Amino acid sequence: MRFDQLFLDDIRNRVSLTDVVGRRVTWDRRKSQPGKGDYWACCPFHSEKSPSFHVDERRNRYKCFGCGESGDHFKFLMEIEGLSFPEAVEELAGLAGIAMPAPDPQAAKRAAKRNTLTDVCELAVQYFRHMFQSADGRAARDYVQRRGLTAETLNEFQFGFAPAGRDNLKTALMAKDVTEAQLIEVGLLIKPDDGRPSYDRFRNRLMIPIHDERGRAVAFGGRTMDPDGQPKYLNSPETPLFHKGTMLFNAHRARQPAYEAGQAIVVEGYMDAIALWQAGIKGTMASLGTAFTEDQIMRLWKFADEPVICFDGDVAGISAAHRAVDRILPVLTSGKSFQFAFLPDGQDPDDVINAGGTAAMHSEIEKALPLSEVVWQRESEQARIDTPERKAALEKAVEDLVGTIKDERVQKSYRMDLRLKLSNLFYEESRRRRGQGGGRDGGWRGQKGGAGGEESRFRGASKHMEAPNTPGYGIERSVILMSVVYLELLERHFERISLLTYNNDDHSKFMQSFLRVVSPDLKGAAIARIYGSLGESFYQILEEARGLIDEIKPQSHVNKLTRWDALTNRLQILKEDPPEDFIEMLFLNYADMLELRMLEQELERETRAMEENLTEESWNRFQALKQDLSRRREECLRDEQALAERGSKMRASKNNVHA
């Protein structure tokens, strides 16, 4: 439906954008200036702890300077609540007290037809619920009782039962003036092509309505009550109301809880979603028997920045996860990704909850792997890398997969991370083969202790390097460690970091090799050809750096490594889960310190040069360097003080929470 621009402007003028947005955010009182129409808050579209989301009430516009989201009243509701444009207009018109304009005749006909079909679905819901409570529904009631579903859950999800007869639903609804054509159109009847009479699609099945974003029943899922019945679960077909590729079961209930918790859970079936909802994990949805589509992925990102896909840990569950990976990678964007939680083999969410309660399910969710790790495990765990050709084949497969990511920045980050993992994998394989006389498995990497396994990835070189007691060593080491752990920061400041110099020879050699491996613009320097030339000290430092990930992210199952006390103490603040901008500020502060030392060394060289040959040009150069050094020292000191103050507040806040 098209809306007159004057009508839309009238809504904007009557409804404050801050009122619309304010239902989803908490305004930052220190930064906002209501008198000027300027409001700031943490962005509702991506996770952040410092406000970068701005509303300009005078222009009726919002913009996040972190993730780039921008728009007006209507765009905000569409993005946050998953509404269509007409639905957003209708909601805001209601808030403004303005009557919706009469639709054009054709649109009115389509809307009327759609409303009529949803009415048919609602009548079917009522019929199925009545049959569920009847004598015919006893087997269905016994089944849900065995599943431990409460009366509240059965009522909330409107459980019903379709009896075994050929045309029970057809007879009941046609008696209420529903036409056969309407029942066929919403998928409740099947009309054979050979001219035989139509019959009920769902028979002898426990019935669960599927609702759209507005909570209207538009389709059904049915579980057979026949032990030998096939298929076990049957969904409505595609209809004018129901599009499997764009819908998610329980999305209308899960939207608000997922937003408030900052976490959305996606499970394989609607019974799994219902079990989690009953257990108190309300922000849970289910796919509808199809592979993830781009529409579903985009919709899930409206609920959370990194939804958790929770699948069974068996072969089928892992295969489903891998199919999801291939759908997700092309549409990845900065700040948006997925995590994957694999339940113990043979268990579904209901089993986990029955065995250990909600806490057990939360524990499984907390073990979720990031998408990047699932990609790496899939590509590397079963790879044979015992020959140069096979190493090259794995590298090409990884590179081709990364190439499907359309977002340039995300693609660079994935390429950097996976190139680094490949180099470590190839080195570990060569060490293993040297140690075992070529190995007995021909370079085949199984799932346990295989190429992608955490254990093998962090075994590394066993010999430890002692930390020399030299000035600046800890700063150099911190820049190196953060460059490895936070590859996205390295990518963002790649040119600057690549110009830094190091006093320690091991550090200098490591960074030369490291930047060669992860260079986002590198063309043709195949890891399979260069990994052996990087040297043992490269992998020793890499193991040390990557080992710290376990301290910062304790949910990962990586072997603990001994680290130098000075380095660990220096980075203790990273264990406080600081916001992204704090980590970046810390990283750049360490880079500033190295650049200050480079300026000091340049000033020393200039001083010696003047002692041999003092000229006006050399004097001016000396003065400029001296002024620049003084200015940079003051800036660096201010940043250090600001970091120290923020760090103290974070620790104090954490202590207050635990007190």
# chains A, B, ... in the order shown; residues from 1 in each chain; ligands from 1
$ residues_around --residues "A:Gln512" --least-positions-apart "4" --cutoff "10 Å" --atoms "only C-alpha atoms" --output "short mmCIF file (atom, residue, chain, number, x, y, z; two decimals) with N, CA, C and O atoms, in the first residue's frame"
data_model
loop_
_atom_site.label_atom_id
_atom_site.label_comp_id
_atom_site.auth_asym_id
_atom_site.auth_seq_id
_atom_site.Cartn_x
_atom_site.Cartn_y
_atom_site.Cartn_z
N SER A 498 52.12 -2.11 11.04
CA SER A 498 53.18 -2.66 10.19
C SER A 498 54.42 -1.76 10.17
O SER A 498 55.50 -2.22 9.78
N THR A 501 58.59 -0.65 15.02
CA THR A 501 59.85 -1.39 15.15
C THR A 501 59.99 -1.91 16.57
O THR A 501 59.38 -1.38 17.51
N ASP A 506 63.55 -11.34 18.65
CA ASP A 506 62.47 -12.32 18.48
C ASP A 506 61.16 -11.63 18.12
O ASP A 506 60.39 -12.11 17.29
N HIS A 507 60.90 -10.49 18.77
CA HIS A 507 59.67 -9.75 18.47
C HIS A 507 59.70 -9.20 17.05
O HIS A 507 58.69 -9.25 16.34
N SER A 508 60.83 -8.68 16.67
CA SER A 508 60.95 -8.11 15.32
C SER A 508 60.73 -9.19 14.26
O SER A 508 59.98 -8.99 13.29
N ARG A 516 53.36 -10.96 7.42
CA ARG A 516 53.43 -11.63 6.12
C ARG A 516 52.32 -12.67 5.98
O ARG A 516 51.71 -12.82 4.92
N VAL A 517 52.03 -13.38 7.08
CA VAL A 517 51.01 -14.42 7.06
C VAL A 517 49.61 -13.83 6.95
O VAL A 517 48.77 -14.30 6.17
N LEU A 534 58.99 -19.90 8.68
CA LEU A 534 58.68 -18.90 9.71
C LEU A 534 59.53 -19.08 10.97
O LEU A 534 59.69 -18.14 11.74
N PHE A 538 58.71 -18.30 16.00
CA PHE A 538 57.42 -17.74 15.56
C PHE A 538 56.27 -18.52 16.21
O PHE A 538 55.33 -17.94 16.77
#
$ residues_around --residues "A:Ile210" --least-positions-apart "4" --cutoff "7 Å" --atoms "only C-alpha atoms" --output "compact mmCIF listing (two decimals) with all heavy atoms, in the first residue's frame"
# COMPACT_ATOMS: atom_id res chain seq x y z
N ALA A 217 -2.41 -17.03 13.75
CA ALA A 217 -2.19 -18.39 13.25
C ALA A 217 -2.26 -18.38 11.73
O ALA A 217 -3.25 -17.91 11.15
CB ALA A 217 -3.22 -19.34 13.82
N VAL A 218 -1.20 -18.86 11.08
CA VAL A 218 -1.16 -18.86 9.61
C VAL A 218 -0.85 -20.24 9.05
O VAL A 218 -0.95 -20.45 7.84
CB VAL A 218 -0.13 -17.84 9.08
CG1 VAL A 218 -0.55 -16.41 9.44
CG2 VAL A 218 1.27 -18.14 9.61
N ALA A 219 -0.47 -21.17 9.92
CA ALA A 219 -0.12 -22.52 9.45
C ALA A 219 -0.10 -23.45 10.66
O ALA A 219 -0.35 -23.02 11.80
CB ALA A 219 1.23 -22.51 8.75
N PHE A 220 0.23 -24.72 10.41
CA PHE A 220 0.22 -25.71 11.49
C PHE A 220 1.38 -26.68 11.32
O PHE A 220 1.86 -26.94 10.21
CB PHE A 220 -1.09 -26.50 11.49
CG PHE A 220 -2.30 -25.67 11.80
CD1 PHE A 220 -2.98 -25.01 10.79
CD2 PHE A 220 -2.74 -25.51 13.11
CE1 PHE A 220 -4.08 -24.23 11.06
CE2 PHE A 220 -3.84 -24.73 13.39
CZ PHE A 220 -4.52 -24.09 12.37
N GLY A 221 1.81 -27.20 12.47
CA GLY A 221 2.72 -28.33 12.49
C GLY A 221 2.04 -29.47 13.20
O GLY A 221 1.39 -29.25 14.24
N PHE A 249 9.37 -20.29 13.84
CA PHE A 249 8.38 -20.66 14.84
C PHE A 249 8.65 -19.95 16.15
O PHE A 249 9.78 -19.91 16.63
CB PHE A 249 8.39 -22.17 15.06
CG PHE A 249 7.44 -22.64 16.13
CD1 PHE A 249 6.09 -22.75 15.87
CD2 PHE A 249 7.91 -22.93 17.40
CE1 PHE A 249 5.21 -23.16 16.86
CE2 PHE A 249 7.04 -23.35 18.40
CZ PHE A 249 5.68 -23.46 18.13
$ closest_residue --among "A:Gly313, A:Glu395, A:Glu635, A:Gly403" --to "A:Glu364" --atoms "only C-alpha atoms"
A:Gly313
$ select_by_dssp --residues "stretch 485-551 of chain A" --states "helix (DSSP H, G or I)" --output "PyMOL selection string"
chain A and resi 485+487-492+494-498+505-518+527-533+536-551
$ atom_distance --atom1 "atom CA of A:Cys310" --atom2 "atom CA of A:Asp326"
16.4 Å
$ residues_around --residues "A:Ile11" --least-positions-apart "5" --cutoff "8 Å" --atoms "only C-alpha atoms" --output "ChimeraX atom specification"
/A:92-93,96,98
$ write_last_selection --atoms "all heavy atoms" --output "PDB file, in the first residue's frame"
ATOM      1  N   LEU A  92       2.267   3.276  14.246  1.00  0.00           N
ATOM      2  CA  LEU A  92       2.557   4.666  14.591  1.00  0.00           C
ATOM      3  C   LEU A  92       1.336   5.555  14.405  1.00  0.00           C
ATOM      4  O   LEU A  92       1.144   6.521  15.150  1.00  0.00           O
ATOM      5  CB  LEU A  92       3.728   5.174  13.746  1.00  0.00           C
ATOM      6  CG  LEU A  92       5.089   4.565  14.118  1.00  0.00           C
ATOM      7  CD1 LEU A  92       6.144   4.938  13.090  1.00  0.00           C
ATOM      8  CD2 LEU A  92       5.519   5.038  15.499  1.00  0.00           C
ATOM      9  N   ALA A  93       0.523   5.239  13.412  1.00  0.00           N
ATOM     10  CA  ALA A  93      -0.712   6.011  13.228  1.00  0.00           C
ATOM     11  C   ALA A  93      -1.612   5.854  14.445  1.00  0.00           C
ATOM     12  O   ALA A  93      -2.272   6.813  14.879  1.00  0.00           O
ATOM     13  CB  ALA A  93      -1.429   5.560  11.959  1.00  0.00           C
ATOM     14  N   ALA A  96      -0.337   8.029  17.112  1.00  0.00           N
ATOM     15  CA  ALA A  96      -0.594   9.440  16.792  1.00  0.00           C
ATOM     16  C   ALA A  96      -2.077   9.788  16.843  1.00  0.00           C
ATOM     17  O   ALA A  96      -2.437  10.963  16.811  1.00  0.00           O
ATOM     18  CB  ALA A  96      -0.036   9.761  15.404  1.00  0.00           C
ATOM     19  N   ILE A  98      -4.264   8.958  14.497  1.00  0.00           N
ATOM     20  CA  ILE A  98      -4.652   9.312  13.128  1.00  0.00           C
ATOM     21  C   ILE A  98      -5.260   8.082  12.459  1.00  0.00           C
ATOM     22  O   ILE A  98      -4.711   6.976  12.547  1.00  0.00           O
ATOM     23  CB  ILE A  98      -3.427   9.792  12.317  1.00  0.00           C
ATOM     24  CG1 ILE A  98      -2.764  10.989  12.991  1.00  0.00           C
ATOM     25  CG2 ILE A  98      -3.824  10.130  10.890  1.00  0.00           C
ATOM     26  CD1 ILE A  98      -1.473  11.413  12.328  1.00  0.00           C
TER      27      ILE A  98
END
$ atom_distance --atom1 "atom CA of A:Tyr414" --atom2 "atom CA of A:Leu487"
9.0 Å
$ select_by_dssp --residues "stretch 283-341 of chain A" --states "strand (DSSP E)" --output "PyMOL selection string"
chain A and resi 284-286+308-312+339-341
$ residues_around --residues "A:Ser337" --least-positions-apart "5" --cutoff "12 Å" --atoms "only C-alpha atoms" --output "number ranges by chain"
A: 46-47, 264, 297-298, 300-302, 304-309, 324-325, 327-332, 369-374, 405, 410, 414
$ residues_around --residues "stretch 201-204 of chain A" --least-positions-apart "5" --cutoff "7 Å" --atoms "only C-alpha atoms" --output "ChimeraX atom specification"
/A:162-165,188-190,222,224-225
$ write_last_selection --atoms "N, CA, C and O atoms" --output "compact mmCIF listing (two decimals), in the first residue's frame"
# COMPACT_ATOMS: atom_id res chain seq x y z
N ALA A 162 -5.74 -33.38 15.69
CA ALA A 162 -6.50 -33.67 14.47
C ALA A 162 -6.87 -35.15 14.49
O ALA A 162 -5.98 -36.01 14.48
N PRO A 163 -8.16 -35.48 14.57
CA PRO A 163 -8.56 -36.90 14.64
C PRO A 163 -8.22 -37.65 13.36
O PRO A 163 -7.88 -37.08 12.33
N ALA A 164 -8.34 -38.97 13.44
CA ALA A 164 -7.84 -39.85 12.38
C ALA A 164 -8.72 -39.90 11.13
O ALA A 164 -8.29 -40.38 10.10
N GLY A 165 -9.97 -39.44 11.20
CA GLY A 165 -10.86 -39.55 10.06
C GLY A 165 -10.40 -38.78 8.84
O GLY A 165 -9.57 -37.88 8.91
N LEU A 188 -5.10 -26.78 4.61
CA LEU A 188 -5.72 -27.71 5.55
C LEU A 188 -6.37 -28.90 4.84
O LEU A 188 -6.59 -29.94 5.46
N LEU A 189 -6.68 -28.74 3.57
CA LEU A 189 -7.21 -29.85 2.77
C LEU A 189 -6.27 -30.15 1.61
O LEU A 189 -5.56 -29.25 1.13
N ILE A 190 -6.28 -31.40 1.16
CA ILE A 190 -5.55 -31.82 -0.02
C ILE A 190 -6.57 -32.20 -1.09
O ILE A 190 -7.50 -32.98 -0.82
N GLY A 222 2.17 -30.67 12.68
CA GLY A 222 1.50 -31.81 13.29
C GLY A 222 2.45 -32.96 13.53
O GLY A 222 3.20 -33.35 12.63
N THR A 224 2.75 -36.92 14.37
CA THR A 224 1.93 -38.12 14.29
C THR A 224 1.82 -38.82 15.64
O THR A 224 2.78 -38.87 16.42
N MET A 225 0.64 -39.35 15.93
CA MET A 225 0.42 -40.16 17.14
C MET A 225 0.55 -41.65 16.85
O MET A 225 0.46 -42.48 17.75
$ closest_residue --among "A:Asn60, A:Ser334, A:Thr607, A:Asn503" --to "A:Tyr473" --atoms "only C-alpha atoms"
A:Asn503
$ residues_around --residues "A:Ile475" --least-positions-apart "4" --cutoff "8 Å" --atoms "only C-alpha atoms" --output "number ranges by chain"
A: 479, 590, 593-594
$ write_last_selection --atoms "C-alpha atoms" --output "compact mmCIF listing (two decimals), in the first residue's frame"
# COMPACT_ATOMS: atom_id res chain seq x y z
CA VAL A 479 51.25 -5.13 21.04
CA TYR A 590 50.63 0.46 23.45
CA MET A 593 54.37 3.92 23.39
CA LEU A 594 56.34 2.11 20.70
$ residues_around --residues "A:Asp226" --least-positions-apart "2" --cutoff "10 Å" --atoms "only C-alpha atoms" --output "CSV table (one decimal) with N, CA and C atoms, in the first residue's frame"
chain,number,residue,atom,x,y,z
A,139,ALA,N,-4.9,-39.8,23.5
A,139,ALA,CA,-3.5,-40.2,23.2
A,139,ALA,C,-2.6,-39.0,23.1
A,164,ALA,N,-8.3,-39.0,13.4
A,164,ALA,CA,-7.8,-39.8,12.4
A,164,ALA,C,-8.7,-39.9,11.1
A,204,ASN,N,-4.8,-37.7,12.8
A,204,ASN,CA,-4.2,-38.4,13.9
A,204,ASN,C,-2.9,-37.8,14.3
A,205,ARG,N,-2.9,-36.5,14.5
A,205,ARG,CA,-1.7,-35.7,14.8
A,205,ARG,C,-1.9,-34.7,15.9
A,223,ARG,N,2.4,-33.5,14.8
A,223,ARG,CA,3.2,-34.7,15.1
A,223,ARG,C,2.3,-35.9,15.1
A,224,THR,N,2.8,-36.9,14.4
A,224,THR,CA,1.9,-38.1,14.3
A,224,THR,C,1.8,-38.8,15.6
A,228,ASP,N,4.3,-45.8,14.0
A,228,ASP,CA,4.9,-46.1,12.7
A,228,ASP,C,4.5,-45.1,11.7
A,229,GLY,N,3.9,-44.0,12.1
A,229,GLY,CA,3.4,-43.0,11.1
A,229,GLY,C,4.6,-42.2,10.5
A,230,GLN,N,4.5,-41.8,9.3
A,230,GLN,CA,5.5,-41.0,8.6
A,230,GLN,C,4.7,-40.0,7.7
A,232,LYS,N,7.2,-38.1,10.7
A,232,LYS,CA,6.9,-37.9,12.1
A,232,LYS,C,6.3,-36.5,12.4
$ closest_residue --among "A:Val402, A:Ile353, A:Met271, A:Ile385" --to "A:Leu288" --atoms "only C-alpha atoms"
A:Met271
$ closest_residue --among "A:Pro388, A:Gly35, A:Gly137, A:Gly472" --to "A:Met598" --atoms "only C-alpha atoms"
A:Gly472
$ atom_distance --atom1 "atom CA of A:Asp167" --atom2 "atom CA of A:Arg141"
21.8 Å
